[in-house]
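K.L.:
For reference, the file query.txt (compact mmCIF, C-alpha atoms) is included below:
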# COMPACT_ATOMS: atom_id res chain seq x y z
CA MET A 1222 84.03 46.79 101.40
CA THR A 1223 82.31 44.31 99.14
CA GLU A 1224 82.04 45.15 95.46
CA LEU A 1225 79.15 44.38 93.16
CA LYS A 1226 80.23 41.35 91.13
CA ILE A 1227 77.78 40.88 88.29
CA ASP A 1228 77.57 43.86 85.99
CA THR A 1229 75.37 43.41 82.94
CA ARG A 1230 74.67 47.10 82.40
CA PRO A 1231 74.74 48.27 78.79
CA GLU A 1232 77.65 50.64 78.21
CA PRO A 1233 76.72 53.91 76.50
CA PRO A 1234 78.11 54.10 72.96
CA LEU A 1235 81.39 55.98 72.57
CA ALA A 1236 80.73 57.28 69.06
CA ALA A 1237 77.05 57.59 68.18
CA ASP A 1238 74.46 60.15 67.22
CA GLU A 1239 72.69 62.31 69.78
CA ARG A 1240 69.73 59.98 70.34
CA ASP A 1241 71.80 56.82 70.77
CA THR A 1242 74.28 58.59 73.06
CA LEU A 1243 71.58 60.07 75.30
CA THR A 1244 69.45 56.92 75.45
CA GLY A 1245 72.62 54.89 76.03
CA PHE A 1246 73.45 56.94 79.11
CA LEU A 1247 69.88 56.76 80.40
CA ASP A 1248 69.77 52.99 79.94
CA PHE A 1249 73.11 52.64 81.75
CA LEU A 1250 71.74 54.66 84.68
CA ARG A 1251 68.47 52.71 84.71
CA ALA A 1252 70.44 49.47 84.88
CA THR A 1253 72.57 50.96 87.68
CA VAL A 1254 69.42 51.67 89.68
CA VAL A 1255 68.31 48.04 89.31
CA LEU A 1256 71.80 46.75 90.13
CA LYS A 1257 71.89 48.78 93.35
CA ALA A 1258 68.49 47.43 94.42
CA THR A 1259 69.19 43.80 93.60
CA GLY A 1260 70.13 41.36 96.35
CA LEU A 1261 68.84 43.31 99.32
CA SER A 1262 66.52 41.82 101.92
CA GLU A 1263 62.99 43.17 102.15
CA VAL A 1264 63.93 44.81 105.45
CA ASP A 1265 67.06 46.49 104.11
CA ALA A 1266 65.30 47.71 100.97
CA ARG A 1267 62.89 49.59 103.24
CA ARG A 1268 65.42 50.71 105.83
CA SER A 1269 65.56 54.47 106.28
CA LEU A 1270 69.11 55.73 106.89
CA ILE A 1271 68.75 59.45 106.24
CA PRO A 1272 67.05 61.25 109.15
CA SER A 1273 66.12 64.32 107.09
CA SER A 1274 64.63 62.15 104.31
CA PRO A 1275 62.98 59.12 105.92
CA LEU A 1276 61.26 58.09 102.67
CA MET A 1277 64.58 57.90 100.82
CA THR A 1278 64.87 54.13 100.91
CA VAL A 1279 65.91 51.78 98.15
CA VAL A 1280 62.33 50.71 97.50
CA GLY A 1281 61.09 54.30 97.82
CA LEU A 1282 63.57 55.57 95.25
CA LEU A 1283 62.66 52.74 92.85
CA SER A 1284 58.99 53.61 93.16
CA HIS A 1285 59.72 57.32 92.71
CA LEU A 1286 61.76 56.66 89.56
CA ARG A 1287 59.03 54.40 88.17
CA TRP A 1288 56.48 57.17 88.55
CA VAL A 1289 58.82 59.84 87.17
CA GLU A 1290 59.34 57.66 84.06
CA TRP A 1291 55.56 57.34 83.70
CA ALA A 1292 54.86 61.03 84.31
CA TRP A 1293 57.36 62.30 81.76
CA PHE A 1294 57.27 59.71 79.00
CA SER A 1295 53.83 58.09 79.12
CA ASN A 1296 51.76 60.94 80.51
CA ARG A 1297 53.49 64.02 79.08
CA VAL A 1298 55.39 62.96 75.96
CA ASP A 1299 52.85 60.33 74.83
CA ASP A 1300 49.78 62.13 76.25
CA GLN A 1301 48.43 59.04 78.02
CA PRO A 1302 45.70 59.73 80.58
CA GLY A 1303 46.11 59.37 84.30
CA GLU A 1304 47.59 61.12 87.28
CA PRO A 1305 50.73 60.37 89.25
CA PRO A 1306 50.35 59.62 92.97
CA TRP A 1307 51.54 63.08 94.03
CA TYR A 1308 48.44 64.69 92.48
CA GLY A 1309 46.42 63.38 95.43
CA GLY A 1310 47.86 66.02 97.76
CA ASP A 1311 50.77 63.97 99.14
CA GLU A 1312 53.82 65.29 97.29
CA GLU A 1313 55.86 62.28 98.42
CA ALA A 1314 53.25 59.61 97.68
CA GLU A 1315 55.35 57.90 95.01
CA PHE A 1316 58.04 57.15 97.63
CA ARG A 1317 55.57 55.23 99.81
CA VAL A 1318 55.51 51.51 99.01
CA PRO A 1319 53.07 49.23 100.86
CA GLU A 1320 54.78 46.85 103.29
CA GLY A 1321 53.39 43.79 101.51
CA ARG A 1322 54.79 44.72 98.10
CA PRO A 1323 58.02 42.78 97.50
CA VAL A 1324 61.11 44.61 96.32
CA ALA A 1325 61.21 42.31 93.27
CA ALA A 1326 57.74 43.56 92.29
CA VAL A 1327 58.82 47.20 92.57
CA ILE A 1328 61.93 46.46 90.47
CA ALA A 1329 59.72 44.74 87.86
CA GLU A 1330 57.34 47.73 87.78
CA TYR A 1331 60.29 50.06 87.26
CA GLU A 1332 61.71 47.90 84.47
CA ARG A 1333 58.29 47.72 82.75
CA GLU A 1334 57.94 51.48 82.93
CA CYS A 1335 61.44 51.94 81.51
CA ALA A 1336 60.57 49.59 78.63
CA ALA A 1337 57.41 51.61 77.93
CA SER A 1338 59.46 54.82 78.02
CA ARG A 1339 61.97 53.35 75.55
CA GLU A 1340 59.15 52.44 73.16
CA ILE A 1341 57.64 55.92 73.37
CA LEU A 1342 61.00 57.61 72.92
CA ALA A 1343 61.85 55.44 69.90
CA ARG A 1344 58.90 56.81 67.95
CA LYS A 1345 59.23 60.46 68.95
CA ASP A 1346 61.43 63.11 67.39
CA LEU A 1347 63.70 64.68 70.01
CA SER A 1348 62.67 68.13 68.77
CA ALA A 1349 58.95 67.40 69.21
CA THR A 1350 57.28 69.52 71.88
CA PHE A 1351 54.27 69.41 74.14
CA ALA A 1352 52.58 71.89 76.45
CA HIS A 1353 53.35 71.36 80.12
CA PRO A 1354 50.84 73.08 82.43
CA ARG A 1355 53.53 74.54 84.68
CA LEU A 1356 56.66 74.74 82.50
CA GLY A 1357 55.17 75.76 79.15
CA THR A 1358 56.58 74.32 75.93
CA VAL A 1359 58.87 71.35 76.59
CA SER A 1360 60.81 69.27 74.06
CA VAL A 1361 61.29 65.51 74.10
CA ARG A 1362 65.04 66.26 74.11
CA TRP A 1363 64.61 68.19 77.37
CA VAL A 1364 62.65 65.30 78.91
CA LEU A 1365 65.34 62.81 77.90
CA THR A 1366 68.08 65.04 79.33
CA HIS A 1367 66.07 65.65 82.50
CA MET A 1368 65.58 61.91 82.98
CA ILE A 1369 69.34 61.35 82.69
CA GLU A 1370 69.83 63.94 85.45
CA GLU A 1371 67.00 62.58 87.62
CA THR A 1372 68.02 58.95 87.27
CA GLY A 1373 71.71 59.76 87.75
CA ARG A 1374 71.04 61.75 90.91
CA HIS A 1375 69.02 58.94 92.44
CA ALA A 1376 71.51 56.30 91.29
CA GLY A 1377 74.03 58.22 93.39
CA HIS A 1378 71.66 58.17 96.35
CA LEU A 1379 71.20 54.43 95.88
CA ASP A 1380 74.96 53.92 95.72
CA LEU A 1381 75.42 55.60 99.09
CA ILE A 1382 72.41 53.91 100.69
CA ARG A 1383 73.58 50.50 99.48
CA GLU A 1384 77.06 51.06 100.94
CA LEU A 1385 75.55 52.11 104.27
CA LEU A 1386 73.24 49.08 104.30
CA ASP A 1387 75.65 46.28 103.56
CA GLY A 1388 79.00 47.70 102.50
CA VAL A 1389 78.50 46.88 98.82
CA THR A 1390 80.27 49.39 96.62
CA GLY A 1391 80.83 49.73 92.93
CA GLU A 1392 79.85 51.99 90.09
Go through the file and emit its structure as structure tokens.
P.N.:
Amino acid sequence: MTELKIDTRPEPPLAADERDTLTGFLDFLRATVVLKATGLSEVDARRSLIPSSPLMTVVGLLSHLRWVEWAWFSNRVDDQPGEPPWYGGDEEAEFRVPEGRPVAAVIAEYERECAASREILARKDLSATFAHPRLGTVSVRWVLTHMIEETGRHAGHLDLIRELLDGVTGE
């Protein structure tokens, strides 16, 4: 097995307040997602290895996470207009990345969305709430915690996919 060599991920703080601890873990997981996607060929980044989930590719997961960041932080928490791709009737639309779109572009889109989410989160109180059409009243704290879970789950998927693709392992 080959291990990932360059690790520039920000470590979550060991003794901090709630906000810094939670955002520290989310930023660590976001950086893990990027680390797992970096260095793959265009073909491998699109390679489907899971028969029951053919859209679960490295580039598909990156795109999904980009849109989940947008949907929760920009659209819901910050009340910015727009609709995510899955509102068009295809519930997996955000996993579909056009063949001509380079992996580096999808990584950059994800990183830009994460930066926008950080900016939104920095100016919101964790106890602030908003009305979600399906869930009811939701707090910013819940969104932040949910994004840690969502990003962590998919970072685990990416870890396994990366190992199956080229043998690269590492946290």
K.L.:
Per residue of region 1244-1319 of chain A within 8 Å of region 1376-1386 of chain A, note the shortest atom pair and the distance in Å to one decimal, counting only C-alpha atoms, and order the rows by chain and increasing residue number, as JSON lines.
P.N.:
{"residue": "A:Leu1250", "atom": "CA", "partner": "A:Ala1376", "partner_atom": "CA", "distance": 6.8}
{"residue": "A:Thr1253", "atom": "CA", "partner": "A:Ala1376", "partner_atom": "CA", "distance": 6.5}
{"residue": "A:Val1254", "atom": "CA", "partner": "A:Ala1376", "partner_atom": "CA", "distance": 5.3}
{"residue": "A:Lys1257", "atom": "CA", "partner": "A:Leu1379", "partner_atom": "CA", "distance": 6.2}
{"residue": "A:Ala1258", "atom": "CA", "partner": "A:Leu1379", "partner_atom": "CA", "distance": 7.6}
{"residue": "A:Asp1265", "atom": "CA", "partner": "A:Leu1386", "partner_atom": "CA", "distance": 6.7}
{"residue": "A:Leu1270", "atom": "CA", "partner": "A:Ile1382", "partner_atom": "CA", "distance": 7.3}
{"residue": "A:Thr1278", "atom": "CA", "partner": "A:Ile1382", "partner_atom": "CA", "distance": 7.5}
{"residue": "A:Val1279", "atom": "CA", "partner": "A:Leu1379", "partner_atom": "CA", "distance": 6.3}
{"residue": "A:Leu1282", "atom": "CA", "partner": "A:Leu1379", "partner_atom": "CA", "distance": 7.7}
K.L.:
If we count all atoms listed in the file, what is near Pro1231 (chain A) at a cut-off of 9 Å, once residues fewer than 5 positions away on the same chain are taken out, given as a VMD selection string?
P.N.:
chain A and resid 1245 to 1246 1248 to 1249 1252
K.L.:
Quote the spacing between CA of Pro1319 (chain A) and CA of Val1255 (chain A) in Å to one decimal place.
P.N.:
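About the pair CA of Pro1319 (chain A) and CA of Val1255 (chain A): they are 19.2 Å apart.
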K.L.:
Would you mind reading off the distance between CA of Gly1391 (chain A) and CA of Arg1339 (chain A), one decimal, in Å?
P.N.:
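The value is 25.9 Å.
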K.L.:
Between A:Arg1240, A:Arg1333, A:His1367, A:Arg1322, single out the one closest to Asp1346 (chain A), counting all atoms listed in the file.
P.N.:
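Smallest distance to Asp1346 (chain A) is found for A:Arg1240.
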K.L.:
Got a sec to check which residues sit within 12 Å of (61.2, 66.9, 77.4), counting only C-alpha atoms, and write them as a ChimeraX atom specification?
P.N.:
/A:1290,1292-1299,1342,1345-1353,1356-1369
K.L.:
If you measure from CA of Leu1247 (chain A) to CA of Thr1229 (chain A), what distance in Å do you get, rounded to one decimal?
P.N.:
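Those two atoms sit 14.7 Å apart.
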K.L.:
Identify, on the basis of only C-alpha atoms, every residue whose closest approach to Ala1314 (chain A) does not exceed 12 Å; exclude the query and any residue fewer than 2 positions from it along the same chain; express the result as a VMD selection string.
P.N.:
chain A and resid 1276 to 1277 1281 to 1282 1284 to 1285 1288 to 1289 1304 to 1312 1316 to 1319
K.L.:
Counting only C-alpha atoms, which of A:His1375, A:Glu1370, A:Leu1235, A:Leu1283 gets nearest to Ala1326 (chain A)?
P.N.:
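Once distances to Ala1326 (chain A) are computed over only C-alpha atoms, the minimum belongs to A:Leu1283.
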